[in-house]
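Here's the structure we're looking at; comments come further down.
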Amino acid sequence: MKQRIRALTQLPALKLILRFCEGPFFPAAYAVLVLLSSFFGLEIAFMAAAALIVVFLCVFSRDTRPMLCVVFMTVYAASWKHTPQPPFSSDFFNLTWVRVCLVVFGVLVVAAMLFRFIVFPQDRNFFKESKLRLGIVLMTAAFLLNGVFSDGYVIKDLPFGLLMALSFFIFYIFFFNTMRTDEDTAPYAAYILVLTSAVIFLQLCKIFIFDGVIKDGSIDKDVLIAGWGMSNNIGGMLGMFFPACFYLAYRARRFGWVYYLLAFVFFFGVCLTLSRTSVLVSGVIFVAAAILLMAAKSPVRKFVRIFNAVAAVAGIVALAVLWDKVREVFAVFFERGFSDSGRFDIWESGLRNFLRAPVFGVGFYEPIMPDWSYEIENWIFPDMYHNIFVQMLASCGVVGAVALCVHLAQVVFAVKKRPCGESLFYIAVLLGMLGMSMLDNHLFHVFPAAAYSVFLLLSEREGESGPLLLLRPIPVKSKKEERPAPADGAAAAEGGNSA
């Protein structure tokens, strides 16, 4: 079979397609498809195309790196037209034929990933080499055992625990064994995150322009609904991803200033969502990155210094002149301030649930508070406790809490001791995900967890091809300097991973 695939990859048409998939235009084309699906309700067609892309890449591509587009962007293809959330309240995803299609697409994707994993093994093996495998095994066991032996255990706790384990770690394991990592991996991942941030920001613009978000001079947080989530989800995902702009601003030889400006634009988008957690956590990362780029040697350092000074003065003047208007537009921030919005009561209820079943917890589907629910309009996710540690204690007990602590400790020890641009980029994304999940629990939803899974791997593997020091500008290679790509397609993986 390997020889047949190798022969097929020599066909001119397949060579052309593979070159496109491994180039810079494929992520941009995928982002366009995501936007079209979200605007026009084309989820089934899009999911079919995404499944075929995964199958093609797993069978023929020399590297599974282009699949990062699928991991990072796919969820944002959900449209307003078909979202179950109010005020749209569509029943589309409850239709039998839609669920059948999604199951078929999912089976195709899993089968393709297993095919690649088994037929084209790499030199690296997660089960032997991963620095994080103990924590991953413990977390997986905790997820699968959530709520077992508690009086509130229900059978759907088991498949949901499996879903959590897969979303947290399946892509870490898959890419550990199938993805090449070199000095171009971080820029490629950052490029995809910038495109993803652009998709989210454009969806946010659509909401503000067409959905009547401004009411009586203020932003109505309840109207901030995308097809895939509400205001906190939008702000959270945009806040997690936009730090990629700072990394590309630092690394790019030309047009780095464009990425730097995009970071400001996307952070303003986070503020527009009125998600206090997202603004707080991403704001700390935003300020730290802006200051760091004023010191780090890079082609944009002079621009950054001048722009930061001008932006600071302009911001102070604008706030002084337009303070009343700012207070009116962002009224939710000033009304809610630092209030807990009921989180303290939820956490207290979570701890009481933990004490009811301290070993394995009460499971994910036990109500987080008696006689109260968020009434989330979906058919998968139960209510969450708005804190990953409370979530693990309540849902998975001491077993889950210990597993999470072991996992996080291994992540900390796996991080390089000498920081460089790449490692700081990965750390910023991971800290954003974990920080926001202390108050909004993003990681217990499938796609944020999948992105977390990928960045675990990238952070662990960073620097294996040699350190790239933070205080030294990193030139982008010219086309003449690029290594010629092997023409063997996926069959090139047979000889092992070169990273």
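Naming scheme: A, B, ... for chains in displayed order of the structure tokens; residues 1 onward per chain; ligands 1 onward as shown.
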
* as a ChimeraX atom specification, please: all residues of segment 256-378 of chain A that backbone DSSP puts in alpha helix (DSSP H). => /A:256-272,276-295,301-329,331-336,343-356

* Which polymer residues have any atom within 12 Å of an atom of Val287 of chain A, counting only C-alpha atoms, with same-chain residues fewer than 2 positions away left out, as a PyMOL selection string? -> chain A and resi 243+246+263-264+267+279-285+289-294+308+312+428

* Which residue of A:Ala112, A:Val359, A:Ile225, A:Leu319 approaches Trp80 of chain A most closely, using only C-alpha atoms ->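 Answer, going by the shortest atom-to-atom distance: A:Ile225.
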
* Have a look at A:Ser339, A:Gln410, A:Ser231, A:Ser150 and name the one nearest to Gln85 of chain A; count only C-alpha atoms. =>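 Using only C-alpha atoms, Gln85 of chain A sits closest to A:Ser231.
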
* **Nearby residues (only C-alpha atoms) at most 12 Å from Val199 of chain A, same-chain spacing under 3 positions excluded, as JSON, numbers by chain** => {"A": [27, 28, 29, 30, 31, 32, 33, 34, 35, 36, 37, 38, 39, 72, 73, 74, 75, 76, 77, 78, 192, 193, 194, 195, 196, 202, 203, 204, 205, 206, 226, 234, 237, 238, 241, 242, 266, 269]}

Please produce an output containing C-alpha atoms for each residue in the selection, written as a PDB file, in the first residue's frame.
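Written output follows (out39.pdb):
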```pdb
ATOM      1  CA  PRO A  27      -4.907  28.257   5.306  1.00  0.00           C
ATOM      2  CA  ALA A  28      -6.267  31.464   3.745  1.00  0.00           C
ATOM      3  CA  ALA A  29      -8.585  29.473   1.461  1.00  0.00           C
ATOM      4  CA  TYR A  30      -9.799  27.404   4.421  1.00  0.00           C
ATOM      5  CA  ALA A  31     -10.502  30.614   6.361  1.00  0.00           C
ATOM      6  CA  VAL A  32     -12.617  31.889   3.462  1.00  0.00           C
ATOM      7  CA  LEU A  33     -14.626  28.657   3.464  1.00  0.00           C
ATOM      8  CA  VAL A  34     -15.207  29.040   7.216  1.00  0.00           C
ATOM      9  CA  LEU A  35     -16.514  32.573   6.748  1.00  0.00           C
ATOM     10  CA  LEU A  36     -18.806  31.584   3.882  1.00  0.00           C
ATOM     11  CA  SER A  37     -20.266  28.753   5.938  1.00  0.00           C
ATOM     12  CA  SER A  38     -20.888  31.021   8.934  1.00  0.00           C
ATOM     13  CA  PHE A  39     -22.531  33.726   6.836  1.00  0.00           C
ATOM     14  CA  PHE A  72      -8.048  25.793  14.862  1.00  0.00           C
ATOM     15  CA  MET A  73     -10.764  27.068  12.495  1.00  0.00           C
ATOM     16  CA  THR A  74     -13.506  24.496  11.920  1.00  0.00           C
ATOM     17  CA  VAL A  75     -15.858  25.396  14.785  1.00  0.00           C
ATOM     18  CA  TYR A  76     -16.205  28.968  13.526  1.00  0.00           C
ATOM     19  CA  ALA A  77     -18.031  27.700  10.445  1.00  0.00           C
ATOM     20  CA  ALA A  78     -21.227  27.397  12.537  1.00  0.00           C
ATOM     21  CA  ILE A 192      -3.093  30.190  11.080  1.00  0.00           C
ATOM     22  CA  LEU A 193      -3.993  31.785  14.421  1.00  0.00           C
ATOM     23  CA  VAL A 194      -3.888  35.251  12.857  1.00  0.00           C
ATOM     24  CA  LEU A 195      -6.241  34.042  10.120  1.00  0.00           C
ATOM     25  CA  THR A 196      -8.478  32.485  12.768  1.00  0.00           C
ATOM     26  CA  LEU A 202     -15.025  39.703  10.908  1.00  0.00           C
ATOM     27  CA  GLN A 203     -17.877  37.729  12.461  1.00  0.00           C
ATOM     28  CA  LEU A 204     -17.865  40.233  15.317  1.00  0.00           C
ATOM     29  CA  CYS A 205     -18.015  43.081  12.784  1.00  0.00           C
ATOM     30  CA  LYS A 206     -21.042  41.422  11.180  1.00  0.00           C
ATOM     31  CA  ALA A 226     -22.187  34.081  16.900  1.00  0.00           C
ATOM     32  CA  ILE A 234     -16.115  35.202  21.213  1.00  0.00           C
ATOM     33  CA  MET A 237     -11.206  32.705  21.645  1.00  0.00           C
ATOM     34  CA  LEU A 238     -10.112  36.014  20.135  1.00  0.00           C
ATOM     35  CA  PHE A 241      -5.321  33.636  19.604  1.00  0.00           C
ATOM     36  CA  PHE A 242      -4.343  37.249  18.864  1.00  0.00           C
ATOM     37  CA  PHE A 266      -8.034  42.250  17.632  1.00  0.00           C
ATOM     38  CA  GLY A 269     -12.395  43.349  19.350  1.00  0.00           C
TER      39      GLY A 269
END
```

Can you pull out every residue within 7 Å of Phe117 of chain A, counting only C-alpha atoms, but drop anything in the same chain fewer than 2 positions away, and send it as a PDB file with N, CA and C atoms, in the first residue's frame?
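Once written, selection.pdb looks like this:
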```
ATOM      1  N   MET A 113      -7.241   9.522  10.388  1.00  0.00           N
ATOM      2  CA  MET A 113      -6.184   9.766  11.367  1.00  0.00           C
ATOM      3  C   MET A 113      -5.558   8.462  11.835  1.00  0.00           C
ATOM      4  N   LEU A 114      -6.383   7.435  12.061  1.00  0.00           N
ATOM      5  CA  LEU A 114      -5.853   6.137  12.464  1.00  0.00           C
ATOM      6  C   LEU A 114      -5.009   5.526  11.349  1.00  0.00           C
ATOM      7  N   PHE A 115      -5.462   5.702  10.108  1.00  0.00           N
ATOM      8  CA  PHE A 115      -4.702   5.194   8.959  1.00  0.00           C
ATOM      9  C   PHE A 115      -3.310   5.814   8.931  1.00  0.00           C
ATOM     10  N   VAL A 119      -0.197   3.403   9.439  1.00  0.00           N
ATOM     11  CA  VAL A 119       0.468   3.020   8.195  1.00  0.00           C
ATOM     12  C   VAL A 119       1.778   3.773   7.988  1.00  0.00           C
ATOM     13  N   PHE A 120       1.835   5.033   8.435  1.00  0.00           N
ATOM     14  CA  PHE A 120       3.044   5.822   8.270  1.00  0.00           C
ATOM     15  C   PHE A 120       3.614   6.206   9.636  1.00  0.00           C
ATOM     16  N   PRO A 121       4.124   5.246  10.386  1.00  0.00           N
ATOM     17  CA  PRO A 121       4.675   5.552  11.709  1.00  0.00           C
ATOM     18  C   PRO A 121       5.930   6.418  11.581  1.00  0.00           C
ATOM     19  N   PHE A 174      -1.695  12.558  18.176  1.00  0.00           N
ATOM     20  CA  PHE A 174      -1.648  12.384  16.724  1.00  0.00           C
ATOM     21  C   PHE A 174      -0.502  13.168  16.107  1.00  0.00           C
ATOM     22  N   ASN A 177       3.148  12.030  16.699  1.00  0.00           N
ATOM     23  CA  ASN A 177       3.633  10.927  15.879  1.00  0.00           C
ATOM     24  C   ASN A 177       3.641  11.221  14.388  1.00  0.00           C
ATOM     25  N   THR A 178       3.017  12.321  13.945  1.00  0.00           N
ATOM     26  CA  THR A 178       2.858  12.502  12.496  1.00  0.00           C
ATOM     27  C   THR A 178       3.336  13.846  11.968  1.00  0.00           C
TER      28      THR A 178
END
```
